[in-house]
$ cat run31.pdb   # PDB, C-alpha atoms
ATOM      1  CA  MET A   1     121.780 -42.484  14.470  1.00  0.00           C
ATOM      2  CA  GLU A   2     119.750 -39.663  12.988  1.00  0.00           C
ATOM      3  CA  ASP A   3     120.729 -38.552   9.471  1.00  0.00           C
ATOM      4  CA  ILE A   4     121.884 -34.991   8.833  1.00  0.00           C
ATOM      5  CA  SER A   5     118.842 -34.036   6.787  1.00  0.00           C
ATOM      6  CA  SER A   6     116.539 -35.007   9.671  1.00  0.00           C
ATOM      7  CA  ILE A   7     118.660 -33.064  12.179  1.00  0.00           C
ATOM      8  CA  LEU A   8     118.480 -29.924  10.050  1.00  0.00           C
ATOM      9  CA  LYS A   9     114.723 -30.281   9.513  1.00  0.00           C
ATOM     10  CA  LYS A  10     114.225 -30.762  13.256  1.00  0.00           C
ATOM     11  CA  HIS A  11     115.871 -27.347  13.716  1.00  0.00           C
ATOM     12  CA  ASP A  12     113.747 -25.709  11.002  1.00  0.00           C
ATOM     13  CA  ILE A  13     116.660 -25.564   8.549  1.00  0.00           C
ATOM     14  CA  ARG A  14     116.091 -26.515   4.938  1.00  0.00           C
ATOM     15  CA  PRO A  15     118.672 -29.235   4.105  1.00  0.00           C
ATOM     16  CA  THR A  16     120.397 -27.786   1.028  1.00  0.00           C
ATOM     17  CA  ALA A  17     123.422 -29.543  -0.452  1.00  0.00           C
ATOM     18  CA  MET A  18     125.817 -26.951   1.001  1.00  0.00           C
ATOM     19  CA  ARG A  19     124.271 -27.159   4.471  1.00  0.00           C
ATOM     20  CA  LEU A  20     124.566 -30.944   4.432  1.00  0.00           C
ATOM     21  CA  LEU A  21     128.217 -30.720   3.377  1.00  0.00           C
ATOM     22  CA  ILE A  22     129.117 -28.133   6.008  1.00  0.00           C
ATOM     23  CA  TYR A  23     127.353 -30.074   8.746  1.00  0.00           C
ATOM     24  CA  GLN A  24     129.234 -33.235   7.779  1.00  0.00           C
ATOM     25  CA  PHE A  25     132.522 -31.301   7.629  1.00  0.00           C
ATOM     26  CA  LEU A  26     132.006 -29.905  11.148  1.00  0.00           C
ATOM     27  CA  LYS A  27     130.918 -33.311  12.414  1.00  0.00           C
ATOM     28  CA  ASP A  28     134.127 -34.915  11.137  1.00  0.00           C
ATOM     29  CA  LYS A  29     136.338 -32.442  13.040  1.00  0.00           C
ATOM     30  CA  ASP A  30     137.496 -32.858  16.627  1.00  0.00           C
ATOM     31  CA  VAL A  31     138.250 -29.159  17.008  1.00  0.00           C
ATOM     32  CA  ALA A  32     136.382 -25.882  16.731  1.00  0.00           C
ATOM     33  CA  LEU A  33     136.882 -24.137  13.392  1.00  0.00           C
ATOM     34  CA  ALA A  34     137.184 -20.526  12.324  1.00  0.00           C
ATOM     35  CA  LEU A  35     135.201 -19.367   9.311  1.00  0.00           C
ATOM     36  CA  ASN A  36     138.524 -19.160   7.459  1.00  0.00           C
ATOM     37  CA  ASP A  37     139.106 -22.899   8.069  1.00  0.00           C
ATOM     38  CA  ILE A  38     135.732 -23.653   6.517  1.00  0.00           C
ATOM     39  CA  GLU A  39     136.474 -21.329   3.586  1.00  0.00           C
ATOM     40  CA  ILE A  40     139.734 -23.170   2.881  1.00  0.00           C
ATOM     41  CA  ALA A  41     137.961 -26.530   2.899  1.00  0.00           C
ATOM     42  CA  PHE A  42     135.237 -25.212   0.579  1.00  0.00           C
ATOM     43  CA  ASP A  43     137.454 -23.050  -1.613  1.00  0.00           C
ATOM     44  CA  ASN A  44     135.082 -23.224  -4.599  1.00  0.00           C
ATOM     45  CA  SER A  45     132.166 -21.865  -2.561  1.00  0.00           C
ATOM     46  CA  GLU A  46     131.124 -18.281  -1.974  1.00  0.00           C
ATOM     47  CA  ARG A  47     132.228 -16.853   1.351  1.00  0.00           C
ATOM     48  CA  THR A  48     128.805 -15.323   1.982  1.00  0.00           C
ATOM     49  CA  THR A  49     127.121 -18.720   1.524  1.00  0.00           C
ATOM     50  CA  LEU A  50     129.455 -20.294   4.071  1.00  0.00           C
ATOM     51  CA  TYR A  51     128.977 -17.421   6.526  1.00  0.00           C
ATOM     52  CA  ARG A  52     125.189 -17.492   6.193  1.00  0.00           C
ATOM     53  CA  THR A  53     125.162 -21.257   6.686  1.00  0.00           C
ATOM     54  CA  ILE A  54     127.198 -21.018   9.895  1.00  0.00           C
ATOM     55  CA  LYS A  55     125.037 -18.153  11.181  1.00  0.00           C
ATOM     56  CA  THR A  56     121.857 -20.115  10.356  1.00  0.00           C
ATOM     57  CA  PHE A  57     123.265 -23.125  12.211  1.00  0.00           C
ATOM     58  CA  GLU A  58     124.139 -20.927  15.184  1.00  0.00           C
ATOM     59  CA  LYS A  59     120.744 -19.200  15.286  1.00  0.00           C
ATOM     60  CA  ASN A  60     118.945 -22.548  15.164  1.00  0.00           C
ATOM     61  CA  GLY A  61     121.051 -24.332  17.808  1.00  0.00           C
ATOM     62  CA  ILE A  62     123.170 -26.548  15.561  1.00  0.00           C
ATOM     63  CA  VAL A  63     126.538 -24.887  16.302  1.00  0.00           C
ATOM     64  CA  HIS A  64     127.862 -22.617  19.000  1.00  0.00           C
ATOM     65  CA  GLN A  65     130.378 -19.819  18.749  1.00  0.00           C
ATOM     66  CA  ILE A  66     133.538 -19.900  20.860  1.00  0.00           C
ATOM     67  CA  ASP A  67     135.621 -16.886  21.808  1.00  0.00           C
ATOM     68  CA  ASP A  68     138.891 -18.572  22.769  1.00  0.00           C
ATOM     69  CA  GLY A  69     140.787 -15.321  23.224  1.00  0.00           C
ATOM     70  CA  THR A  70     142.644 -15.483  19.891  1.00  0.00           C
ATOM     71  CA  GLY A  71     140.574 -12.711  18.327  1.00  0.00           C
ATOM     72  CA  VAL A  72     139.010 -15.147  15.835  1.00  0.00           C
ATOM     73  CA  MET A  73     135.603 -16.656  16.570  1.00  0.00           C
ATOM     74  CA  LYS A  74     135.427 -20.415  16.196  1.00  0.00           C
ATOM     75  CA  TYR A  75     132.460 -22.695  15.695  1.00  0.00           C
ATOM     76  CA  ALA A  76     131.685 -26.238  16.788  1.00  0.00           C
ATOM     77  CA  LEU A  77     128.672 -28.491  16.446  1.00  0.00           C
ATOM     78  CA  ASP A  78     126.496 -28.768  19.507  1.00  0.00           C
ATOM     79  CA  GLU A  79     126.999 -32.436  20.324  1.00  0.00           C
ATOM     80  CA  GLU A  80     123.405 -33.091  21.261  1.00  0.00           C
ATOM     81  CA  ASN A  81     122.051 -29.951  19.617  1.00  0.00           C
ATOM     82  CA  ALA A  82     121.218 -28.746  23.108  1.00  0.00           C
ATOM     83  CA  GLY A  83     122.168 -25.121  22.539  1.00  0.00           C
ATOM     84  CA  LYS A  84     122.783 -22.782  25.468  1.00  0.00           C
ATOM     85  CA  ALA A  85     121.124 -25.181  27.902  1.00  0.00           C
ATOM     86  CA  ALA A  86     124.283 -27.305  27.836  1.00  0.00           C
ATOM     87  CA  LEU A  87     127.004 -24.707  28.412  1.00  0.00           C
ATOM     88  CA  HIS A  88     130.355 -26.439  28.709  1.00  0.00           C
ATOM     89  CA  LEU A  89     134.052 -25.665  29.068  1.00  0.00           C
ATOM     90  CA  HIS A  90     136.448 -25.210  26.168  1.00  0.00           C
ATOM     91  CA  PHE A  91     140.189 -25.851  26.020  1.00  0.00           C
ATOM     92  CA  HIS A  92     142.573 -23.825  23.875  1.00  0.00           C
ATOM     93  CA  CYS A  93     146.078 -25.152  23.241  1.00  0.00           C
ATOM     94  CA  ASN A  94     148.690 -22.394  23.371  1.00  0.00           C
ATOM     95  CA  ARG A  95     151.055 -24.341  21.115  1.00  0.00           C
ATOM     96  CA  CYS A  96     148.954 -25.793  18.247  1.00  0.00           C
ATOM     97  CA  ASN A  97     146.221 -23.116  18.584  1.00  0.00           C
ATOM     98  CA  GLU A  98     143.390 -25.673  18.500  1.00  0.00           C
ATOM     99  CA  THR A  99     140.254 -25.231  20.577  1.00  0.00           C
ATOM    100  CA  VAL A 100     138.125 -28.183  21.652  1.00  0.00           C
ATOM    101  CA  CYS A 101     134.821 -28.544  23.461  1.00  0.00           C
ATOM    102  CA  LEU A 102     134.942 -30.250  26.842  1.00  0.00           C
ATOM    103  CA  THR A 103     131.296 -31.296  26.743  1.00  0.00           C
ATOM    104  CA  ASP A 104     131.604 -33.552  29.791  1.00  0.00           C
ATOM    105  CA  HIS A 105     132.420 -30.483  31.903  1.00  0.00           C
ATOM    106  CA  LYS A 106     129.342 -28.271  32.229  1.00  0.00           C
ATOM    107  CA  ILE A 107     129.393 -24.661  33.385  1.00  0.00           C
ATOM    108  CA  PRO A 108     127.223 -24.446  36.512  1.00  0.00           C
ATOM    109  CA  HIS A 109     124.310 -22.045  36.753  1.00  0.00           C
ATOM    110  CA  ILE A 110     125.380 -18.710  38.223  1.00  0.00           C
ATOM    111  CA  ASN A 111     122.917 -16.761  40.392  1.00  0.00           C
ATOM    112  CA  LEU A 112     123.284 -13.104  39.480  1.00  0.00           C
ATOM    113  CA  PRO A 113     122.271 -10.136  41.641  1.00  0.00           C
ATOM    114  CA  ALA A 114     118.796  -8.685  41.121  1.00  0.00           C
ATOM    115  CA  GLY A 115     118.583  -6.599  37.972  1.00  0.00           C
ATOM    116  CA  TYR A 116     121.414  -8.437  36.166  1.00  0.00           C
ATOM    117  CA  ARG A 117     120.746 -10.613  33.147  1.00  0.00           C
ATOM    118  CA  ALA A 118     123.412 -12.823  31.543  1.00  0.00           C
ATOM    119  CA  GLU A 119     123.292 -13.038  27.760  1.00  0.00           C
ATOM    120  CA  ASP A 120     126.326 -15.217  27.151  1.00  0.00           C
ATOM    121  CA  MET A 121     128.870 -17.239  29.078  1.00  0.00           C
ATOM    122  CA  ASN A 122     132.184 -18.622  27.938  1.00  0.00           C
ATOM    123  CA  LEU A 123     134.865 -20.388  29.915  1.00  0.00           C
ATOM    124  CA  VAL A 124     138.101 -21.296  28.152  1.00  0.00           C
ATOM    125  CA  LEU A 125     140.930 -23.153  29.816  1.00  0.00           C
ATOM    126  CA  LYS A 126     144.338 -22.551  28.219  1.00  0.00           C
ATOM    127  CA  GLY A 127     147.414 -24.721  28.248  1.00  0.00           C
ATOM    128  CA  LEU A 128     148.891 -27.584  26.237  1.00  0.00           C
ATOM    129  CA  CYS A 129     146.735 -30.298  24.673  1.00  0.00           C
ATOM    130  CA  ASP A 130     147.576 -34.005  24.755  1.00  0.00           C
ATOM    131  CA  LYS A 131     149.283 -33.772  21.329  1.00  0.00           C
ATOM    132  CA  CYS A 132     151.552 -30.908  22.433  1.00  0.00           C
ATOM    133  CA  THR A 133     152.612 -32.032  25.923  1.00  0.00           C
TER
END
$ encode --input "run31.pdb" --output "structure tokens"
Amino acid sequence: MEDISSILKKHDIRPTAMRLLIYQFLKDKDVALALNDIEIAFDNSERTTLYRTIKTFEKNGIVHQIDDGTGVMKYALDEENAGKAALHLHFHCNRCNETVCLTDHKIPHINLPAGYRAEDMNLVLKGLCDKCT
């Protein structure tokens, strides 16, 4: 398995100590996280550093942003660092409020009418997760 430093370098991201820690933190989670969740875990770090790190990861295809309908954006690692090419479903639990990536379920390509251009796509299924049923 590729080490974190190599993954970051492959995506043109300088592997600073904070970036390595945040990557590892996201990797260890099974759910998508809000910036506030990351701030709580790194309570001795500056909020702007955490935000910039997440935005750098997003810009360079390391994480993707999820709008699960809660009004709070969440972030998850791109499993294979495939970026938008591997659009997949997400599941949001109405009881525990966790959102997970369903990477085995890809969103199919949608043919749009002439003159239309999609810039983002998000499909979130809502219900009860296996822990809450």
$ residues_around --input "run31.pdb" --residues "Thr133 in chain A" --least-positions-apart "4" --cutoff "10 Å" --atoms "all atoms listed in the file" --output "short mmCIF file (atom, residue, chain, number, x, y, z; two decimals) with C-alpha atoms, in the coordinates of the input"
data_model
loop_
_atom_site.label_atom_id
_atom_site.label_comp_id
_atom_site.auth_asym_id
_atom_site.auth_seq_id
_atom_site.Cartn_x
_atom_site.Cartn_y
_atom_site.Cartn_z
CA CYS A 93 146.08 -25.15 23.24
CA ARG A 95 151.06 -24.34 21.12
CA GLY A 127 147.41 -24.72 28.25
CA LEU A 128 148.89 -27.58 26.24
CA CYS A 129 146.74 -30.30 24.67
#
$ closest_residue --input "run31.pdb" --among "A:Leu123, A:Met18, A:Leu89, A:Ala32" --to "Glu46 in chain A" --atoms "all atoms listed in the file"
A:Met18
$ resolve_selection --input "run31.pdb" --expression "the PyMOL selection byres ((chain A and resi 12) around 12)" --output "list of chain:residue names"
A:Ser5, A:Ser6, A:Ile7, A:Leu8, A:Lys9, A:Lys10, A:His11, A:Ile13, A:Arg14, A:Pro15, A:Thr56, A:Phe57, A:Lys59, A:Asn60, A:Gly61, A:Ile62
$ resolve_selection --input "run31.pdb" --expression "the PyMOL selection byres ((chain A and resi 102-112) around 9)" --output "tab-separated table (two decimals) with C-alpha atoms, in the coordinates of the input"
chain	number	residue	atom	x	y	z
A	79	GLU	CA	127.00	-32.44	20.32
A	86	ALA	CA	124.28	-27.30	27.84
A	87	LEU	CA	127.00	-24.71	28.41
A	88	HIS	CA	130.35	-26.44	28.71
A	89	LEU	CA	134.05	-25.66	29.07
A	90	HIS	CA	136.45	-25.21	26.17
A	91	PHE	CA	140.19	-25.85	26.02
A	100	VAL	CA	138.12	-28.18	21.65
A	101	CYS	CA	134.82	-28.54	23.46
A	113	PRO	CA	122.27	-10.14	41.64
A	114	ALA	CA	118.80	-8.68	41.12
A	115	GLY	CA	118.58	-6.60	37.97
A	116	TYR	CA	121.41	-8.44	36.17
A	117	ARG	CA	120.75	-10.61	33.15
A	118	ALA	CA	123.41	-12.82	31.54
A	121	MET	CA	128.87	-17.24	29.08
A	122	ASN	CA	132.18	-18.62	27.94
A	123	LEU	CA	134.86	-20.39	29.92
$ atom_distance --input "run31.pdb" --atom1 "CA of Arg19 in chain A" --atom2 "CA of Thr53 in chain A"
6.4 Å
$ atom_distance --input "run31.pdb" --atom1 "CA of Ser45 in chain A" --atom2 "CA of Val72 in chain A"
20.7 Å
$ atom_distance --input "run31.pdb" --atom1 "CA of Ala76 in chain A" --atom2 "CA of Val63 in chain A"
5.3 Å
$ resolve_selection --input "run31.pdb" --expression "the PyMOL selection byres ((chain A and resi 64) around 7)" --output "VMD selection string"
chain A and resid 58 63 65 to 66 75 to 78
$ decode --input "run31.pdb" --residues "range 97-119 of chain A" --atoms "N, CA, C and O atoms" --output "CSV table (one decimal), in the first residue's frame"
chain,number,residue,atom,x,y,z
A,97,ASN,N,-27.4,10.7,11.9
A,97,ASN,CA,-26.9,11.9,11.2
A,97,ASN,C,-25.5,11.6,10.5
A,97,ASN,O,-24.9,12.6,10.1
A,98,GLU,N,-25.1,10.4,10.4
A,98,GLU,CA,-23.9,10.0,9.7
A,98,GLU,C,-24.1,9.9,8.2
A,98,GLU,O,-25.2,9.5,7.8
A,99,THR,N,-23.1,10.3,7.4
A,99,THR,CA,-23.2,10.2,6.0
A,99,THR,C,-22.0,9.3,5.5
A,99,THR,O,-20.9,9.5,6.0
A,100,VAL,N,-22.3,8.3,4.7
A,100,VAL,CA,-21.2,7.4,4.2
A,100,VAL,C,-21.2,7.4,2.7
A,100,VAL,O,-22.2,7.6,2.1
A,101,CYS,N,-20.1,7.1,2.1
A,101,CYS,CA,-19.9,6.9,0.7
A,101,CYS,C,-20.3,5.5,0.3
A,101,CYS,O,-19.9,4.5,1.0
A,102,LEU,N,-21.1,5.4,-0.7
A,102,LEU,CA,-21.4,4.0,-1.2
A,102,LEU,C,-20.6,3.9,-2.6
A,102,LEU,O,-21.2,4.0,-3.6
A,103,THR,N,-19.3,3.7,-2.4
A,103,THR,CA,-18.4,3.7,-3.6
A,103,THR,C,-18.7,2.6,-4.6
A,103,THR,O,-18.3,2.7,-5.7
A,104,ASP,N,-19.3,1.5,-4.1
A,104,ASP,CA,-19.6,0.4,-5.1
A,104,ASP,C,-20.8,0.8,-6.0
A,104,ASP,O,-21.1,0.0,-6.9
A,105,HIS,N,-21.5,1.9,-5.7
A,105,HIS,CA,-22.7,2.3,-6.5
A,105,HIS,C,-22.4,3.6,-7.2
A,105,HIS,O,-22.5,4.6,-6.6
A,106,LYS,N,-22.0,3.5,-8.4
A,106,LYS,CA,-21.6,4.6,-9.2
A,106,LYS,C,-22.9,5.3,-9.8
A,106,LYS,O,-23.9,4.7,-10.1
A,107,ILE,N,-22.7,6.7,-9.9
A,107,ILE,CA,-23.8,7.4,-10.6
A,107,ILE,C,-23.5,7.4,-12.1
A,107,ILE,O,-22.4,7.7,-12.6
A,108,PRO,N,-24.5,6.9,-12.9
A,108,PRO,CA,-24.3,6.8,-14.3
A,108,PRO,C,-24.2,8.1,-15.0
A,108,PRO,O,-24.6,9.1,-14.5
A,109,HIS,N,-23.5,8.1,-16.1
A,109,HIS,CA,-23.4,9.3,-17.0
A,109,HIS,C,-24.8,9.8,-17.4
A,109,HIS,O,-25.6,9.0,-17.9
A,110,ILE,N,-25.0,11.0,-17.3
A,110,ILE,CA,-26.3,11.6,-17.8
A,110,ILE,C,-26.1,12.4,-19.0
A,110,ILE,O,-25.2,13.3,-19.0
A,111,ASN,N,-26.8,12.1,-20.1
A,111,ASN,CA,-26.7,12.9,-21.3
A,111,ASN,C,-27.6,14.1,-21.2
A,111,ASN,O,-28.8,13.9,-21.1
A,112,LEU,N,-27.1,15.3,-21.2
A,112,LEU,CA,-27.8,16.5,-21.1
A,112,LEU,C,-28.2,17.1,-22.4
A,112,LEU,O,-27.5,16.8,-23.4
A,113,PRO,N,-29.3,17.9,-22.5
A,113,PRO,CA,-29.6,18.5,-23.8
A,113,PRO,C,-28.5,19.5,-24.2
A,113,PRO,O,-27.7,19.9,-23.4
A,114,ALA,N,-28.5,19.7,-25.5
A,114,ALA,CA,-27.5,20.6,-26.1
A,114,ALA,C,-27.5,22.0,-25.4
A,114,ALA,O,-28.6,22.5,-25.1
A,115,GLY,N,-26.3,22.5,-25.1
A,115,GLY,CA,-26.2,23.8,-24.4
A,115,GLY,C,-26.1,23.7,-22.9
A,115,GLY,O,-25.8,24.7,-22.3
A,116,TYR,N,-26.4,22.5,-22.3
A,116,TYR,CA,-26.3,22.4,-20.9
A,116,TYR,C,-25.0,21.8,-20.5
A,116,TYR,O,-24.4,21.0,-21.3
A,117,ARG,N,-24.5,22.2,-19.4
A,117,ARG,CA,-23.2,21.7,-18.9
A,117,ARG,C,-23.3,21.4,-17.4
A,117,ARG,O,-23.5,22.4,-16.6
A,118,ALA,N,-23.1,20.2,-17.0
A,118,ALA,CA,-23.2,19.9,-15.6
A,118,ALA,C,-21.8,20.3,-14.9
A,118,ALA,O,-20.8,20.1,-15.5
A,119,GLU,N,-21.9,20.8,-13.7
A,119,GLU,CA,-20.7,21.2,-13.0
A,119,GLU,C,-20.5,20.4,-11.7
A,119,GLU,O,-19.5,20.3,-11.2
